[in-house]
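First up is the structure itself, then whatever we jot down about it.
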Amino acid sequence: MDFNIIDYGASAIEGKNNTVAIQSAIDACANAGGGRVIIRDGVYMSGTIILKSNVNLHIEESGVLLGSPDCDDYPEISNVKHFKSELLPRNRNSCFIFAEEEINISITGMGKIDCNGLAFVKEVEDYKAGWRYKRIDAPTPPRVVFFAGCKNINIKDITMVNQPAGWSYWIHDCDYVTCDRLKINADVQYPNNDGIHINSSRNVTVSNCSITCGDDCIVVRANNVSLAENKVCEKVVVTNCNLTSYACGIRIGWLNDGVIKNCTFSNIVMTDTNVGIGIRLPGHAVDEKWADEGREATLIENLSFSNIIMDEIYCTPINCVIDPSSVVMCNAIRKIHFNNIHASGLEFPRLYGRASNRISDITFNNCSFTKVEESKLKDYKFHGAYWGRPQNNKIFSYVENIVLNGTSFTAQ
């Protein structure tokens, strides 16, 4: 059964806020047992809407869901039960589209979600490196789509554009998620606008997507700080995707994440990207605390990367690093397999463990890495997550049980 938002008072008149009308259509659909909420024939501005079980938010090719430019239209969501909001990254739950502990939810259609991102950023004064824009001082929404504790999620065909300094899709402790044929076109000069951020979730498939972001395109983490119990992030499959990022194309883990295992990444093309594959456990001073750090010793194992082309990589194609800081808790990074990886950029891969945590059981099969002259990619300082050229030219440090089969490293 279809529920057209126009029948609930929505209007494509410029400047009209349709939050109440769209939410009314979603509620009516859910109360009827489910169906499609239809957006078509115009641009409909809205603030935060909450998706319900068995509801498919369907945006047709002629329809645009436009985010409000007013920060006040994305209030903190009250009475949440699946997580502690104050322990989320950026300590807030504000977002554009939200669902919590719902089942059988979908966002589909050939239409567009326009996040109105220009309203939430400003240019960096005396810009010299990194991202050209930064978040405005107001409390901008840290996420666009935020699903927590949900099951059976289907996101298909939608185009998302003009993301603010907030993650496009955040999948937080969810099960059975499909993201297929998505187009995520964020401004590469905006910070923090990750593409698909998969956290502490299971059975997730990302396929046939085209993602351009200022921040990481695809993130796989196990940050359980906001949850009542620690969850494993596993059985994530990413395939047949095109990625461009001014940070990482694929990022795995962060400071004191938990267990991330049994994931595959295949048939991927990355171009004009800062770091291709980042498996990095960063550190900080002992007396500091980051809003997005976890609470566990990290274990990353059984990951496969295959059939990946990387061209114009402005830093390193593979950055697998455990920071030596004492605040970094790590059990192991092990059993990582690279097959048919062919990369060209400013640096060779870097795999740096530490004396107490050697990165182990690594295989490179039929891979090639070409290091090009800086003159070919001379604007690297303006490439988002620029952190300076490395002083250590080693490829491997504190790494054991590594196999190189048919793999070359060439400096032009």
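Chain labels follow the order of the structure tokens: the first chain is A, the next B, and so on; residue numbering restarts at 1 in every chain, and ligands are counted from 1 in their shown order.
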Open item on the list: Please identify the strand (DSSP E) residues within segment 60-248 of chain A (assignment by DSSP from backbone atoms) and present them as a count of residues only.
Closed with: 86
Task: Nearby residues (only C-alpha atoms) at most 9 Å from segment 203-208 of chain A, same-chain spacing under 4 positions excluded, as a list in words - done: Cys174, Asp175, Tyr176, Val177, Thr178, Cys179, Asp180, Arg181, Leu182, Ile196, Ile198, Cys233, Glu234, Lys235, Val236, Val237, Val238, Thr239, Asn240, Cys241 and Asn242 of chain A
Store the residues picked out above in a file with C-alpha atoms, as a CSV table (one decimal), in the first residue's frame.
chain,number,residue,atom,x,y,z
A,174,CYS,CA,22.3,-3.6,13.0
A,175,ASP,CA,21.8,-7.0,11.4
A,176,TYR,CA,21.1,-8.0,7.8
A,177,VAL,CA,21.7,-4.8,5.9
A,178,THR,CA,21.8,-4.4,2.1
A,179,CYS,CA,23.2,-1.2,0.4
A,180,ASP,CA,22.9,-1.6,-3.3
A,181,ARG,CA,23.4,0.7,-6.3
A,182,LEU,CA,23.7,3.8,-4.1
A,196,ILE,CA,28.8,4.3,4.6
A,198,ILE,CA,29.3,0.3,9.5
A,233,CYS,CA,31.5,-6.4,13.6
A,234,GLU,CA,31.6,-9.3,11.2
A,235,LYS,CA,30.4,-10.7,7.9
A,236,VAL,CA,30.7,-7.5,6.0
A,237,VAL,CA,30.9,-7.8,2.2
A,238,VAL,CA,31.8,-4.9,-0.1
A,239,THR,CA,31.9,-5.5,-3.8
A,240,ASN,CA,31.7,-3.8,-7.2
A,241,CYS,CA,32.2,-0.2,-6.0
A,242,ASN,CA,33.8,2.9,-7.2
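Note that the spacing between atom CA of Asp114 of chain A and atom CA of Arg143 of chain A amounts to 13.3 Å.
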Might you pull out every residue within 12 Å of Asp73 of chain A, with only C-alpha atoms counted and same-chain residues fewer than 5 positions away left off, and present them as a PDB file with N, CA and C atoms, in the first residue's frame?
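As written to disk, selection-v3.pdb reads:
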ATOM      1  N   ASN A  17       8.489  23.800   5.321  1.00  0.00           N
ATOM      2  CA  ASN A  17       9.018  22.685   6.103  1.00  0.00           C
ATOM      3  C   ASN A  17       7.952  21.586   6.167  1.00  0.00           C
ATOM      4  N   ASN A  18       8.283  20.417   5.628  1.00  0.00           N
ATOM      5  CA  ASN A  18       7.325  19.313   5.516  1.00  0.00           C
ATOM      6  C   ASN A  18       7.552  18.207   6.542  1.00  0.00           C
ATOM      7  N   THR A  19       8.287  18.497   7.609  1.00  0.00           N
ATOM      8  CA  THR A  19       8.620  17.453   8.576  1.00  0.00           C
ATOM      9  C   THR A  19       7.374  16.771   9.121  1.00  0.00           C
ATOM     10  N   VAL A  20       6.401  17.551   9.564  1.00  0.00           N
ATOM     11  CA  VAL A  20       5.186  16.986  10.170  1.00  0.00           C
ATOM     12  C   VAL A  20       4.420  16.143   9.151  1.00  0.00           C
ATOM     13  N   MET A  45      11.258  19.912   1.472  1.00  0.00           N
ATOM     14  CA  MET A  45      12.198  20.176   2.554  1.00  0.00           C
ATOM     15  C   MET A  45      11.675  19.602   3.863  1.00  0.00           C
ATOM     16  N   SER A  46      12.611  19.101   4.680  1.00  0.00           N
ATOM     17  CA  SER A  46      12.213  18.496   5.949  1.00  0.00           C
ATOM     18  C   SER A  46      13.357  18.556   6.937  1.00  0.00           C
ATOM     19  N   GLY A  47      13.006  18.463   8.221  1.00  0.00           N
ATOM     20  CA  GLY A  47      13.968  18.213   9.269  1.00  0.00           C
ATOM     21  C   GLY A  47      13.955  16.731   9.602  1.00  0.00           C
ATOM     22  N   THR A  48      14.279  16.386  10.829  1.00  0.00           N
ATOM     23  CA  THR A  48      14.400  14.979  11.225  1.00  0.00           C
ATOM     24  C   THR A  48      13.088  14.227  11.056  1.00  0.00           C
ATOM     25  N   ILE A  49      13.169  13.056  10.408  1.00  0.00           N
ATOM     26  CA  ILE A  49      12.035  12.136  10.319  1.00  0.00           C
ATOM     27  C   ILE A  49      12.479  10.780  10.861  1.00  0.00           C
ATOM     28  N   GLY A  67      17.127  18.450   2.901  1.00  0.00           N
ATOM     29  CA  GLY A  67      17.346  18.741   4.303  1.00  0.00           C
ATOM     30  C   GLY A  67      17.169  20.218   4.604  1.00  0.00           C
ATOM     31  N   SER A  68      16.579  20.495   5.738  1.00  0.00           N
ATOM     32  CA  SER A  68      16.417  21.889   6.159  1.00  0.00           C
ATOM     33  C   SER A  68      17.783  22.533   6.398  1.00  0.00           C
ATOM     34  N   SER A  94      21.708  13.600  16.870  1.00  0.00           N
ATOM     35  CA  SER A  94      21.012  14.358  15.841  1.00  0.00           C
ATOM     36  C   SER A  94      21.274  13.789  14.451  1.00  0.00           C
ATOM     37  N   CYS A  95      20.224  13.771  13.610  1.00  0.00           N
ATOM     38  CA  CYS A  95      20.366  13.234  12.249  1.00  0.00           C
ATOM     39  C   CYS A  95      19.169  13.664  11.401  1.00  0.00           C
ATOM     40  N   PHE A  96      19.171  13.295  10.144  1.00  0.00           N
ATOM     41  CA  PHE A  96      18.098  13.622   9.207  1.00  0.00           C
ATOM     42  C   PHE A  96      17.042  12.509   9.201  1.00  0.00           C
ATOM     43  N   ILE A  97      17.483  11.265   9.014  1.00  0.00           N
ATOM     44  CA  ILE A  97      16.568  10.119   8.984  1.00  0.00           C
ATOM     45  C   ILE A  97      17.021   9.130  10.045  1.00  0.00           C
ATOM     46  N   PRO A 139      25.413  23.617  16.309  1.00  0.00           N
ATOM     47  CA  PRO A 139      25.435  22.143  16.420  1.00  0.00           C
ATOM     48  C   PRO A 139      24.844  21.479  15.183  1.00  0.00           C
ATOM     49  N   THR A 140      25.643  21.332  14.154  1.00  0.00           N
ATOM     50  CA  THR A 140      25.184  20.717  12.909  1.00  0.00           C
ATOM     51  C   THR A 140      24.913  19.234  13.121  1.00  0.00           C
ATOM     52  N   PRO A 141      24.000  18.643  12.335  1.00  0.00           N
ATOM     53  CA  PRO A 141      23.702  17.211  12.500  1.00  0.00           C
ATOM     54  C   PRO A 141      24.922  16.361  12.154  1.00  0.00           C
TER      55      PRO A 141
END
Write out as a tab-separated table (two decimals) with all heavy atoms, in the first residue's frame the residues lying within 8 Å of Asp215 of chain A, counting only C-alpha atoms and excluding same-chain residues fewer than 4 positions away.
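Saved as selection.tsv:
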chain	number	residue	atom	x	y	z
A	188	VAL	N	34.22	16.77	-1.77
A	188	VAL	CA	35.48	16.27	-1.20
A	188	VAL	C	36.19	17.29	-0.34
A	188	VAL	O	37.11	16.94	0.41
A	188	VAL	CB	36.43	15.78	-2.32
A	188	VAL	CG1	35.87	14.54	-3.00
A	188	VAL	CG2	36.71	16.88	-3.33
A	190	TYR	N	34.64	19.01	2.04
A	190	TYR	CA	33.98	19.05	3.35
A	190	TYR	C	34.58	17.97	4.23
A	190	TYR	O	34.72	16.81	3.80
A	190	TYR	CB	32.48	18.78	3.23
A	190	TYR	CG	31.66	19.85	2.56
A	190	TYR	CD1	32.24	20.98	1.98
A	190	TYR	CD2	30.28	19.72	2.47
A	190	TYR	CE1	31.46	21.94	1.37
A	190	TYR	CE2	29.50	20.68	1.85
A	190	TYR	CZ	30.09	21.78	1.29
A	190	TYR	OH	29.32	22.73	0.67
A	191	PRO	N	34.86	18.24	5.50
A	191	PRO	CA	35.37	17.20	6.40
A	191	PRO	C	34.24	16.35	6.97
A	191	PRO	O	33.08	16.76	6.99
A	191	PRO	CB	36.03	18.01	7.51
A	191	PRO	CG	35.18	19.24	7.60
A	191	PRO	CD	34.77	19.55	6.18
A	192	ASN	N	34.58	15.14	7.42
A	192	ASN	CA	33.67	14.31	8.22
A	192	ASN	C	32.44	13.79	7.49
A	192	ASN	O	31.54	13.25	8.13
A	192	ASN	CB	33.21	15.05	9.49
A	192	ASN	CG	34.38	15.54	10.33
A	192	ASN	OD1	34.51	16.73	10.57
A	192	ASN	ND2	35.24	14.63	10.77
A	193	ASN	N	32.36	13.94	6.17
A	193	ASN	CA	31.17	13.43	5.48
A	193	ASN	C	31.41	12.03	4.94
A	193	ASN	O	31.38	11.77	3.75
A	193	ASN	CB	30.71	14.39	4.37
A	193	ASN	CG	31.78	14.68	3.33
A	193	ASN	OD1	32.85	14.09	3.36
A	193	ASN	ND2	31.51	15.60	2.43
A	194	ASP	N	31.64	11.08	5.87
A	194	ASP	CA	31.85	9.68	5.50
A	194	ASP	C	30.70	9.16	4.63
A	194	ASP	O	29.57	9.65	4.71
A	194	ASP	CB	31.92	8.81	6.76
A	194	ASP	CG	33.12	9.14	7.64
A	194	ASP	OD1	33.70	10.22	7.48
A	194	ASP	OD2	33.44	8.32	8.51
A	195	GLY	N	31.00	8.13	3.87
A	195	GLY	CA	29.98	7.52	3.02
A	195	GLY	C	29.10	6.55	3.80
A	195	GLY	O	28.06	6.91	4.34
A	245	SER	N	37.97	9.48	-2.26
A	245	SER	CA	37.93	10.06	-0.93
A	245	SER	C	39.16	10.93	-0.69
A	245	SER	O	40.27	10.57	-1.09
A	245	SER	CB	37.89	8.96	0.13
A	245	SER	OG	38.13	9.48	1.42
A	246	TYR	N	38.95	12.05	0.01
A	246	TYR	CA	40.08	12.84	0.46
A	246	TYR	C	40.57	12.37	1.83
A	246	TYR	O	41.31	13.08	2.52
A	246	TYR	CB	39.71	14.32	0.47
A	246	TYR	CG	39.96	15.00	-0.85
A	246	TYR	CD1	40.02	14.26	-2.04
A	246	TYR	CD2	40.14	16.37	-0.94
A	246	TYR	CE1	40.24	14.88	-3.25
A	246	TYR	CE2	40.37	17.00	-2.17
A	246	TYR	CZ	40.42	16.24	-3.32
A	246	TYR	OH	40.65	16.85	-4.52
A	247	ALA	N	40.17	11.16	2.20
A	247	ALA	CA	40.70	10.47	3.39
A	247	ALA	C	40.98	9.03	2.96
A	247	ALA	O	41.83	8.81	2.10
A	247	ALA	CB	39.73	10.57	4.56
A	248	CYS	N	40.27	8.05	3.50
A	248	CYS	CA	40.46	6.64	3.13
A	248	CYS	C	39.34	6.17	2.21
A	248	CYS	O	38.17	6.48	2.44
A	248	CYS	CB	40.47	5.76	4.37
A	248	CYS	SG	41.88	5.96	5.46
A	384	GLY	N	42.54	16.89	1.74
A	384	GLY	CA	41.79	16.45	2.90
A	384	GLY	C	42.65	16.02	4.07
A	384	GLY	O	43.24	16.84	4.77
A	385	ALA	N	42.72	14.71	4.29
A	385	ALA	CA	43.38	14.15	5.47
A	385	ALA	C	44.90	14.12	5.30
A	385	ALA	O	45.56	13.12	5.60
A	385	ALA	CB	42.85	12.75	5.75
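Using only C-alpha atoms, the contacts of Lys261 of chain A at a cut-off of 6 Å, with sequence neighbours closer than 5 positions omitted, comprise Glu234, Ile300, Glu301 and Asn302 of chain A.
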Write out, as a PDB file, in the first residue's frame, the residues just selected, with N, CA, C and O atoms.
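Final output, saved to again37.pdb:
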ATOM      1  N   GLU A 234      31.169  -8.151  11.988  1.00  0.00           N
ATOM      2  CA  GLU A 234      31.625  -9.270  11.170  1.00  0.00           C
ATOM      3  C   GLU A 234      30.679  -9.521   9.995  1.00  0.00           C
ATOM      4  O   GLU A 234      29.577  -9.001   9.940  1.00  0.00           O
ATOM      5  N   ILE A 300      41.568  -7.449  14.892  1.00  0.00           N
ATOM      6  CA  ILE A 300      41.156  -7.419  13.490  1.00  0.00           C
ATOM      7  C   ILE A 300      41.749  -8.643  12.808  1.00  0.00           C
ATOM      8  O   ILE A 300      42.971  -8.825  12.801  1.00  0.00           O
ATOM      9  N   GLU A 301      40.906  -9.494  12.239  1.00  0.00           N
ATOM     10  CA  GLU A 301      41.421 -10.717  11.636  1.00  0.00           C
ATOM     11  C   GLU A 301      40.493 -11.238  10.537  1.00  0.00           C
ATOM     12  O   GLU A 301      39.307 -10.917  10.487  1.00  0.00           O
ATOM     13  N   ASN A 302      41.099 -12.034   9.648  1.00  0.00           N
ATOM     14  CA  ASN A 302      40.380 -12.676   8.558  1.00  0.00           C
ATOM     15  C   ASN A 302      39.693 -11.654   7.648  1.00  0.00           C
ATOM     16  O   ASN A 302      38.474 -11.659   7.470  1.00  0.00           O
TER      17      ASN A 302
END
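Using only C-alpha atoms for every distance, the candidate list A:Thr159, A:Asn401, A:Thr316, A:Asn262 yields A:Thr159 as the residue closest to Glu60 of chain A.
For segment 105-266 of chain A, a DSSP pass over the backbone yields helix (DSSP H, G or I) at Gly117, Leu118, Ala119 and Phe120 of chain A.
Minimum atom-to-atom distances from A:Ile309, A:Leu51, A:Ala285, A:Val269 to Val145 of chain A were compared using only C-alpha atoms, and the lowest value belongs to A:Leu51.
Our summary of the geometry notes that atom CA of Ile171 of chain A is positioned 17.3 Å from atom CA of Val55 of chain A.
Atom CA of His82 of chain A sits 25.6 Å away from atom CA of Cys217 of chain A.
Across A:Ala28, A:Ile313, A:Ala411, A:Ile279, the tightest approach to Tyr352 of chain A is made by A:Ile279 when counting only C-alpha atoms.
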Neighbour list for segment 29-31 of chain A as a compact mmCIF listing (two decimals) with N, CA and C atoms, in the first residue's frame, cut-off 7 Å, only C-alpha atoms, skip fewer than 3 positions in-chain:
# COMPACT_ATOMS: atom_id res chain seq x y z
N PHE A 3 1.51 5.44 0.46
CA PHE A 3 1.08 6.60 1.22
C PHE A 3 1.84 7.81 0.67
N ALA A 25 2.79 10.68 7.29
CA ALA A 25 2.66 9.62 6.29
C ALA A 25 3.37 8.36 6.74
N ILE A 26 4.55 8.51 7.34
CA ILE A 26 5.29 7.35 7.84
C ILE A 26 4.51 6.66 8.96
N GLY A 34 2.40 -1.43 7.22
CA GLY A 34 3.55 -1.25 6.34
C GLY A 34 3.16 -0.92 4.93
N GLY A 35 4.17 -0.54 4.14
CA GLY A 35 3.96 -0.16 2.76
C GLY A 35 5.01 0.85 2.33
N VAL A 37 6.02 4.88 1.58
CA VAL A 37 5.75 6.31 1.70
C VAL A 37 6.38 6.97 0.48
N LYS A 52 9.84 3.80 10.57
CA LYS A 52 9.21 2.77 11.40
C LYS A 52 9.26 1.40 10.70
N SER A 53 9.02 0.36 11.46
CA SER A 53 9.06 -1.01 10.94
C SER A 53 8.11 -1.18 9.75
N ASN A 54 8.58 -1.94 8.78
CA ASN A 54 7.81 -2.32 7.59
C ASN A 54 7.49 -1.13 6.68
N VAL A 55 8.22 -0.04 6.84
CA VAL A 55 7.99 1.14 6.01
C VAL A 55 9.14 1.30 5.02
Task: Nearest residue to Tyr386 of chain A from the set A:Val161, A:Leu57, A:Ala129, A:Ala332 (distances using only C-alpha atoms) - done: A:Ala129
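Using only C-alpha atoms, the residues found no farther than 6 Å from Cys115 of chain A, other than those of its own chain fewer than 4 positions away, are A:Leu66, A:Gly67, A:Asn162, A:Gln163.
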Could you save those same residues with N, CA and C atoms as a PDB file, in the first residue's frame?
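File written: part-v7.pdb
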ATOM      1  N   LEU A  66      14.784  17.204   0.649  1.00  0.00           N
ATOM      2  CA  LEU A  66      15.785  18.234   0.904  1.00  0.00           C
ATOM      3  C   LEU A  66      15.908  18.482   2.399  1.00  0.00           C
ATOM      4  N   GLY A  67      17.127  18.450   2.901  1.00  0.00           N
ATOM      5  CA  GLY A  67      17.346  18.741   4.303  1.00  0.00           C
ATOM      6  C   GLY A  67      17.169  20.218   4.604  1.00  0.00           C
ATOM      7  N   ASN A 162      25.388  16.553  -1.468  1.00  0.00           N
ATOM      8  CA  ASN A 162      25.529  17.773  -0.681  1.00  0.00           C
ATOM      9  C   ASN A 162      25.473  17.500   0.819  1.00  0.00           C
ATOM     10  N   GLN A 163      26.153  16.422   1.227  1.00  0.00           N
ATOM     11  CA  GLN A 163      26.183  16.107   2.654  1.00  0.00           C
ATOM     12  C   GLN A 163      26.914  17.192   3.430  1.00  0.00           C
TER      13      GLN A 163
END
Open item on the list: Given only C-alpha atoms as the basis, pick out the residue of A:Arg92, A:Lys151, A:His383, A:Arg135 nearest to Ser226 of chain A.
Closed with: A:Arg92
- [ ] Would you please work out which residue, of A:Gly130, A:Gly353, A:Gly109, A:Gly42, is nearest to Asp157 of chain A when using only C-alpha atoms?
- [x] A:Gly109
